[in-house]
Structures are given as structure tokens and as C-alpha cells.
>>> print(open('model-v2.txt').read())   # compact mmCIF, C-alpha atoms
# COMPACT_ATOMS: atom_id res chain seq x y z
CA MET X 1 -3.93 -1.34 30.91
CA GLU X 2 -2.21 0.47 33.75
CA ASP X 3 1.54 0.51 33.97
CA HIS X 4 1.94 -2.30 36.52
CA ALA X 5 5.44 -3.75 36.51
CA THR X 6 4.84 -5.90 39.60
CA PRO X 7 1.81 -6.48 41.83
CA ARG X 8 1.59 -4.04 44.69
CA PRO X 9 -0.87 -3.22 47.46
CA ALA X 10 -3.65 -0.84 46.53
CA SER X 11 -3.58 2.46 48.38
CA ASP X 12 -4.77 6.01 47.96
CA SER X 13 -1.22 7.11 47.29
CA GLY X 14 -0.71 4.50 44.58
CA SER X 15 2.78 3.75 45.94
CA ALA X 16 4.40 0.73 47.51
CA SER X 17 7.39 0.27 49.75
CA GLY X 18 10.68 -0.72 48.18
CA PRO X 19 12.04 -0.05 44.68
CA ARG X 20 9.77 -0.68 41.68
CA PRO X 21 11.22 -2.26 38.58
CA ILE X 22 11.06 -0.03 35.54
CA SER X 23 8.30 -1.23 33.22
CA ARG X 24 8.26 -0.97 29.47
CA LYS X 25 5.63 1.76 29.29
CA SER X 26 7.39 3.80 31.98
CA VAL X 27 10.56 3.79 29.91
CA LEU X 28 8.66 4.79 26.80
CA LYS X 29 6.86 7.59 28.63
CA GLY X 30 10.21 8.94 29.75
CA ALA X 31 11.33 8.97 26.14
CA LEU X 32 8.13 10.70 25.07
CA LEU X 33 8.67 13.49 27.59
CA ALA X 34 12.24 14.11 26.41
CA ALA X 35 12.93 16.47 23.53
CA PRO X 36 13.98 15.84 20.88
CA LEU X 37 12.92 12.20 20.59
CA PRO X 38 15.52 9.83 19.13
CA LEU X 39 14.05 7.81 16.31
CA LEU X 40 14.65 4.26 15.24
CA ALA X 41 14.55 2.99 11.69
CA GLY X 42 11.02 3.35 10.41
CA GLY X 43 10.31 6.48 12.48
CA ALA X 44 9.26 4.77 15.74
CA PRO X 45 10.29 6.44 19.04
CA ALA X 46 13.39 4.82 20.51
CA LEU X 47 12.91 3.38 23.97
CA ALA X 48 15.44 4.67 26.49
CA ARG X 49 16.61 1.14 27.18
CA THR X 50 17.49 0.63 23.50
CA LEU X 51 19.98 3.48 23.77
CA ARG X 52 22.05 1.81 26.50
CA PRO X 53 24.57 -0.93 25.60
CA SER X 54 23.98 -4.37 27.05
CA SER X 55 26.61 -6.22 29.08
CA ALA X 56 27.89 -7.68 25.80
CA GLY X 57 28.25 -4.21 24.32
CA GLU X 58 25.32 -4.64 21.94
CA PRO X 59 22.15 -2.50 21.93
CA LEU X 60 19.23 -4.12 23.71
CA PRO X 61 16.43 -5.32 21.41
CA LEU X 62 13.13 -3.50 21.09
CA THR X 63 10.35 -4.65 23.35
CA PRO X 64 7.85 -6.32 20.97
CA TYR X 65 4.75 -5.48 23.03
CA CYS X 66 3.83 -2.55 25.23
CA ASP X 67 1.54 -4.36 27.66
CA ASP X 68 4.25 -6.01 29.79
CA GLY X 69 3.15 -9.47 28.71
CA ASP X 70 -0.51 -8.96 29.58
CA ASP X 71 -3.50 -8.60 27.30
CA PRO X 72 -4.63 -5.17 26.08
CA THR X 73 -6.79 -3.13 28.43
CA PRO X 74 -9.75 -5.38 29.26
CA PRO X 75 -13.25 -4.34 28.19
CA GLN X 76 -16.15 -3.92 30.59
CA MET X 77 -19.88 -3.40 30.26
CA GLU X 78 -21.17 -0.04 29.04
CA GLY X 79 -23.87 0.19 31.70
CA PRO X 80 -27.21 1.97 31.36
CA TYR X 81 -26.01 5.59 31.50
CA PHE X 82 -24.00 6.18 28.31
CA ARG X 83 -25.23 9.03 26.11
CA PRO X 84 -23.79 9.85 22.67
CA ASN X 85 -23.05 13.42 21.55
CA SER X 86 -21.01 14.44 24.60
CA PRO X 87 -19.23 17.81 24.23
CA ARG X 88 -15.58 17.89 23.26
CA ARG X 89 -13.70 19.08 26.36
CA THR X 90 -10.90 18.07 28.72
CA SER X 91 -12.51 19.48 31.89
CA LEU X 92 -15.84 18.33 33.33
CA VAL X 93 -15.87 20.86 36.19
CA ASP X 94 -16.69 24.53 36.62
CA ALA X 95 -16.48 27.01 39.49
CA GLY X 96 -19.64 25.65 41.13
CA THR X 97 -18.87 21.95 40.84
CA GLN X 98 -19.08 20.07 44.14
CA GLY X 99 -16.70 17.25 44.99
CA THR X 100 -13.02 16.40 45.31
CA ARG X 101 -11.10 17.56 42.27
CA LEU X 102 -9.46 14.77 40.29
CA THR X 103 -7.04 14.88 37.36
CA VAL X 104 -6.67 11.69 35.31
CA SER X 105 -3.78 11.58 32.85
CA GLY X 106 -1.91 8.98 30.87
CA TYR X 107 -1.12 7.60 27.45
CA VAL X 108 -2.71 5.31 24.89
CA PHE X 109 -0.40 2.71 23.38
CA GLY X 110 -0.74 0.08 20.68
CA ARG X 111 0.60 -3.44 20.98
CA ALA X 112 3.89 -2.50 19.28
CA CYS X 113 4.99 -0.06 22.02
CA GLN X 114 3.95 2.94 19.94
CA PRO X 115 1.82 5.77 21.34
CA LEU X 116 -1.39 6.34 19.41
CA ALA X 117 -2.38 9.86 18.39
CA ASP X 118 -5.96 10.98 17.67
CA VAL X 119 -7.55 8.25 19.80
CA LEU X 120 -11.11 9.21 20.72
CA LEU X 121 -11.69 9.00 24.49
CA ASP X 122 -15.28 9.50 25.68
CA PHE X 123 -15.67 9.73 29.49
CA TRP X 124 -18.80 9.67 31.65
CA GLN X 125 -19.33 9.28 35.38
CA ALA X 126 -21.57 9.94 38.39
CA ASP X 127 -21.48 13.23 40.30
CA ALA X 128 -20.34 13.54 43.92
CA GLY X 129 -23.71 12.22 45.10
CA GLY X 130 -23.58 9.12 42.89
CA ALA X 131 -26.11 10.37 40.29
CA TYR X 132 -25.74 10.46 36.51
CA ASP X 133 -27.05 13.35 34.42
CA ASN X 134 -29.32 11.56 31.95
CA THR X 135 -30.88 14.68 30.44
CA GLY X 136 -27.81 16.89 29.97
CA TYR X 137 -24.07 16.43 29.80
CA ARG X 138 -22.71 17.09 33.27
CA PHE X 139 -19.67 14.87 33.87
CA ARG X 140 -19.63 13.77 30.24
CA GLY X 141 -17.10 14.73 27.59
CA HIS X 142 -14.82 13.45 24.86
CA GLN X 143 -11.31 14.35 23.72
CA TYR X 144 -8.52 13.05 21.49
CA THR X 145 -4.99 12.00 22.40
CA ASP X 146 -2.28 14.38 21.24
CA ALA X 147 0.71 13.58 19.00
CA ARG X 148 2.43 11.84 21.95
CA GLY X 149 -0.59 9.64 22.62
CA ALA X 150 -1.26 11.58 25.84
CA PHE X 151 -4.54 12.67 27.42
CA GLU X 152 -5.62 14.57 30.53
CA LEU X 153 -9.07 14.82 32.11
CA THR X 154 -10.10 17.24 34.88
CA THR X 155 -13.10 15.98 36.84
CA ILE X 156 -14.09 14.99 40.41
CA VAL X 157 -13.98 11.76 42.37
CA PRO X 158 -17.34 10.13 41.50
CA GLY X 159 -19.78 9.33 44.27
CA LEU X 160 -21.08 5.91 45.26
CA TYR X 161 -24.44 4.42 44.39
CA PRO X 162 -25.97 1.05 45.37
CA GLY X 163 -24.22 -2.02 44.05
CA ARG X 164 -21.12 -0.35 42.60
CA THR X 165 -17.72 0.82 43.73
CA ARG X 166 -16.29 4.16 42.53
CA HIS X 167 -15.55 4.12 38.81
CA ILE X 168 -15.25 6.20 35.64
CA HIS X 169 -16.58 4.95 32.30
CA VAL X 170 -14.64 5.41 29.08
CA LYS X 171 -14.84 4.48 25.41
CA ALA X 172 -11.55 4.47 23.49
CA GLN X 173 -11.20 4.17 19.73
CA ALA X 174 -8.15 4.52 17.51
CA PRO X 175 -8.89 5.79 13.98
CA GLY X 176 -10.51 3.07 11.92
CA ARG X 177 -10.45 0.53 14.77
CA PRO X 178 -13.13 -1.00 17.03
CA VAL X 179 -14.34 0.79 20.16
CA LEU X 180 -13.00 -0.36 23.54
CA THR X 181 -15.59 0.20 26.30
CA THR X 182 -14.23 -0.13 29.82
CA GLN X 183 -14.17 1.36 33.33
CA LEU X 184 -11.45 2.79 35.58
CA TYR X 185 -11.29 2.09 39.32
CA PHE X 186 -9.81 3.61 42.48
CA PRO X 187 -7.43 1.69 44.79
CA GLY X 188 -8.26 1.20 48.45
CA GLU X 189 -12.04 1.36 48.00
CA PRO X 190 -13.95 -0.96 50.40
CA ARG X 191 -16.52 -1.78 47.71
CA ASN X 192 -13.87 -3.06 45.30
CA GLY X 193 -14.20 -6.41 47.06
CA THR X 194 -17.97 -6.62 46.68
CA ASP X 195 -18.50 -5.12 43.20
CA SER X 196 -19.14 -8.12 40.93
CA ILE X 197 -17.53 -6.55 37.85
CA PHE X 198 -14.55 -4.86 39.51
CA ASP X 199 -11.28 -5.74 37.75
CA PRO X 200 -7.94 -4.95 39.47
CA ALA X 201 -6.31 -4.67 36.04
CA LEU X 202 -8.27 -1.42 35.65
CA LEU X 203 -7.05 0.24 38.84
CA MET X 204 -5.65 3.72 38.42
CA ASN X 205 -2.61 4.93 40.34
CA VAL X 206 -4.03 7.62 42.64
CA ARG X 207 -2.31 10.04 44.99
CA THR X 208 -3.54 12.90 47.16
CA VAL X 209 -2.18 16.38 46.38
CA GLY X 210 -3.45 18.92 48.90
CA SER X 211 -7.24 18.82 48.78
CA ALA X 212 -7.29 17.19 45.32
CA LYS X 213 -6.31 13.85 43.81
CA GLU X 214 -4.20 12.94 40.81
CA ALA X 215 -4.55 9.65 38.94
CA THR X 216 -2.71 8.01 36.08
CA PHE X 217 -3.74 5.22 33.72
CA ASP X 218 -2.32 3.98 30.42
CA PHE X 219 -4.56 2.25 27.91
CA VAL X 220 -3.23 -0.48 25.63
CA LEU X 221 -5.42 -0.96 22.57
CA ASP X 222 -5.32 -4.05 20.40
CA VAL X 223 -3.65 -2.12 17.57
CA SER X 224 -0.49 -3.60 16.09
CA ARG X 225 0.69 -0.25 14.74
CA THR X 226 -0.63 3.23 14.15
CA PRO X 227 -3.37 2.74 11.53
CA PRO X 228 -2.83 4.67 8.29
CA PRO X 229 -5.41 7.31 7.37
CA THR X 230 -8.21 6.17 5.12
CA PRO X 231 -8.54 8.38 2.02
CA PRO X 232 -11.85 10.14 1.38
CA PRO X 233 -14.20 8.31 -0.97
CA GLY X 234 -13.97 8.98 -4.67
CA GLY X 235 -16.76 9.19 -7.20
CA PRO X 236 -20.18 10.86 -7.01
CA GLY X 237 -22.48 10.69 -4.00
CA GLY X 238 -19.90 11.09 -1.21
CA THR X 239 -20.53 14.27 0.82
CA TRP X 240 -18.31 13.53 3.84
CA ARG X 241 -15.12 15.60 3.88
CA ALA X 242 -12.14 15.94 6.22
CA GLY X 243 -11.65 19.28 7.94
CA VAL X 244 -15.37 20.00 8.50
CA ASP X 245 -16.91 20.93 11.86
CA TYR X 246 -19.85 18.52 11.92
CA ARG X 247 -22.66 18.97 14.44
CA ALA X 248 -24.86 16.34 16.03
CA GLY X 249 -27.68 15.51 13.64
CA ASP X 250 -25.80 16.41 10.44
CA ARG X 251 -26.28 13.93 7.59
CA VAL X 252 -23.61 12.84 5.11
CA GLU X 253 -23.22 10.30 2.35
CA TYR X 254 -20.22 8.00 2.32
CA GLY X 255 -19.59 5.03 0.06
CA GLY X 256 -23.22 4.98 -1.09
CA ALA X 257 -24.69 4.96 2.45
CA SER X 258 -26.21 7.72 4.61
CA TYR X 259 -24.89 8.52 8.09
CA THR X 260 -26.09 10.73 10.96
CA CYS X 261 -23.57 12.54 13.17
CA LEU X 262 -23.82 11.50 16.84
CA GLN X 263 -21.49 14.05 18.43
CA ALA X 264 -19.95 17.31 17.26
CA HIS X 265 -16.36 16.98 16.02
CA LEU X 266 -13.82 18.24 13.50
CA SER X 267 -13.53 15.51 10.87
CA GLN X 268 -10.15 14.18 9.87
CA ALA X 269 -8.72 11.50 7.60
CA GLY X 270 -9.06 8.13 9.30
CA TRP X 271 -12.36 9.07 11.00
CA GLU X 272 -14.68 8.36 8.05
CA PRO X 273 -18.23 7.32 9.05
CA PRO X 274 -17.82 3.55 8.57
CA ASN X 275 -14.70 3.62 10.78
CA THR X 276 -16.13 5.63 13.70
CA PRO X 277 -19.38 4.27 15.15
CA ALA X 278 -18.84 6.55 18.15
CA LEU X 279 -19.24 9.56 15.84
CA TRP X 280 -21.56 8.36 13.05
CA ARG X 281 -24.61 6.08 12.89
CA ARG X 282 -25.69 4.56 9.61
CA ALA X 283 -29.14 5.85 8.73
>>> encode(input="model-v2.txt", output="C-alpha cells")
Amino acid sequence: MEDHATPRPASDSGSASGPRPISRKSVLKGALLAAPLPLLAGGAPALARTLRPSSAGEPLPLTPYCDDGDDPTPPQMEGPYFRPNSPRRTSLVDAGTQGTRLTVSGYVFGRACQPLADVLLDFWQADAGGAYDNTGYRFRGHQYTDARGAFELTTIVPGLYPGRTRHIHVKAQAPGRPVLTTQLYFPGEPRNGTDSIFDPALLMNVRTVGSAKEATFDFVLDVSRTPPPTPPPGGPGGTWRAGVDYRAGDRVEYGGASYTCLQAHLSQAGWEPPNTPALWRRA
């Protein structure tokens, strides 16, 4: 969930008066942005606070969880407008796109304070007028987190439609793990108080930069550690392979079962059909 160290008033700037305590994920993000990264035993990134001596002169212990004592990012309903097979892209806008430009960035962590690479993030939202494109793929797209667990999405502030506050839908899935379906919200929206499924734990930090807006949000998936890659199947009958550019509609065999590709992607170890229902449907 978002990097909330202490409760604070919602505002379009995403800031609050007075000093904010440094949260666990903020410290880790600072370490991720530094180069080179110090490593702890086992290859995990060292948190900045583990590099400072305590008052007793001993190194501070590792933080066991990366969600600041809360649960992982809470799930929410998918809604009626999800479509599989979105294009792989980090920008949902072009020169003619109407609406206030919005950049959403952040990280995806597991429960052990480790960033998760290669997490599939599939975003969809309404346009500036509050309408979803249910025949094409405007304001729909998927991407993967990089080696630091980071992502960035360029889009617009979604419009309002009856019964809902402003929100962005997302599906997140670490390799070989279940799909998290949830929604992201904007602070300071009048309809946040009347939307029956609004969850303040899913508020982004949003600030205005010129005529555009910038938002941040960090996902915490219920993953205890980075899952190891799953090796390709052995024996006859398996046609799925890593390193192949699969297209929507392609058929493969894996482990004696047939699968149909739902959205174009470059296959990789850990994303075998049984592990990735967002990419493959069993025929």
C-alpha cells in the first residue's frame, strides 16, 4: 500500500504540515536510488538505517516487513470494464489526448522489504469525460517493474461518472503468484466520502506540477521473498518456451494442458502459463 508513515490530511499536494517520520519503504527507496547498492548477507539490498550504528554502537536490525505494520495492499473489485490483451506500454496518452496529464510512479515490494522485479502491472481507467473504451484499448496498458521494482505510468486524471469517485484500476502479479486486483484513488476528492468502495489505504500522494499532476504509490504484495523462476517443462508435448514474443490468440502446450495467450508479451522464466492467468487461459 502507499508509503504512509503517519495519518495525514488528504490534499491535492499530498503534503502535510510539520515533519514526517521516515517510513520503512521511504528508507528503502532511498537506498534503491543510490548507486552502488550496499548488499547484506544473502544479496538483499541494505536499508539505509541498517548502515547507521544504534545508540549502543550496534547496527540496527533489519525491518522484517515492508508494509509498516499494515496488511499488504488491499484488493478491490475488478468492475465491469476490464479487458484482457492490453498493449504493453508505459504511456496511455498521445499528442491528441484530452485531459490533465498525470504521471504515476512507485515501487512494488514484497513482505520482506525486498523490491520485486518483473511484476506485471495492468492499468485501465476512464477518459477525461468518465467513459471507458470497451471496444479498443484507449487508457489501457500493461508493463513490468524493472530490476529495482520500480514502475512509471503516463496517463491523465480520469473523469467522473455516476456513483464513483476518481480512480485508476490495476492488476498486479509477481511471477508465479496470485493476481492482486485493486484501485488507486486521489486525495481531496469530494466523492471519496460517498463512494461505497473507496478505501483511504489506496490513496495516492498527488501534487500539482505546472499544468500537470504527479502521483506516487507503492504496492506491497503478499510475497515473502522474490519467487524463484520456474524451469520450463521437460518431456514431450510442452511447446511453451521462454524468450518468445507471443501474440494474443497463440496456443501452447504446457504440462500436458493447452493454453491460449490473452495479451502479447515476451515470455520469461517464472511466467509459465499455469503461473500467469493474466497472460494465459487454459483452453
>>> residues_around(input="model-v2.txt", residues="Pro74 in chain X", least_positions_apart="2", cutoff="9 Å", atoms="all atoms listed in the file", output="JSON, numbers by chain")
{"X": [1, 71, 72, 76, 180, 181, 182, 199, 201, 202, 220]}
>>> closest_residue(input="model-v2.txt", among="X:Leu160, X:Val119, X:Leu221, X:Leu203", to="Thr73 in chain X", atoms="only C-alpha atoms")
X:Leu221
>>> atom_distance(input="model-v2.txt", atom1="CA of Ala147 in chain X", atom2="CA of Pro277 in chain X")
22.5 Å
>>> atom_distance(input="model-v2.txt", atom1="CA of Gly130 in chain X", atom2="CA of Asp94 in chain X")
18.0 Å
>>> atom_distance(input="model-v2.txt", atom1="CA of Pro84 in chain X", atom2="CA of Glu189 in chain X")
29.2 Å
>>> residues_around(input="model-v2.txt", residues="Gly256 in chain X", least_positions_apart="2", cutoff="8 Å", atoms="all atoms listed in the file", output="PDB file with C-alpha atoms, in the frame of the given file")
ATOM      1  CA  GLY X 237     -22.480  10.690  -4.000  1.00  0.00           C
ATOM      2  CA  GLY X 238     -19.900  11.090  -1.210  1.00  0.00           C
ATOM      3  CA  GLU X 253     -23.220  10.300   2.350  1.00  0.00           C
ATOM      4  CA  TYR X 254     -20.220   8.000   2.320  1.00  0.00           C
ATOM      5  CA  SER X 258     -26.210   7.720   4.610  1.00  0.00           C
TER       6      SER X 258
END
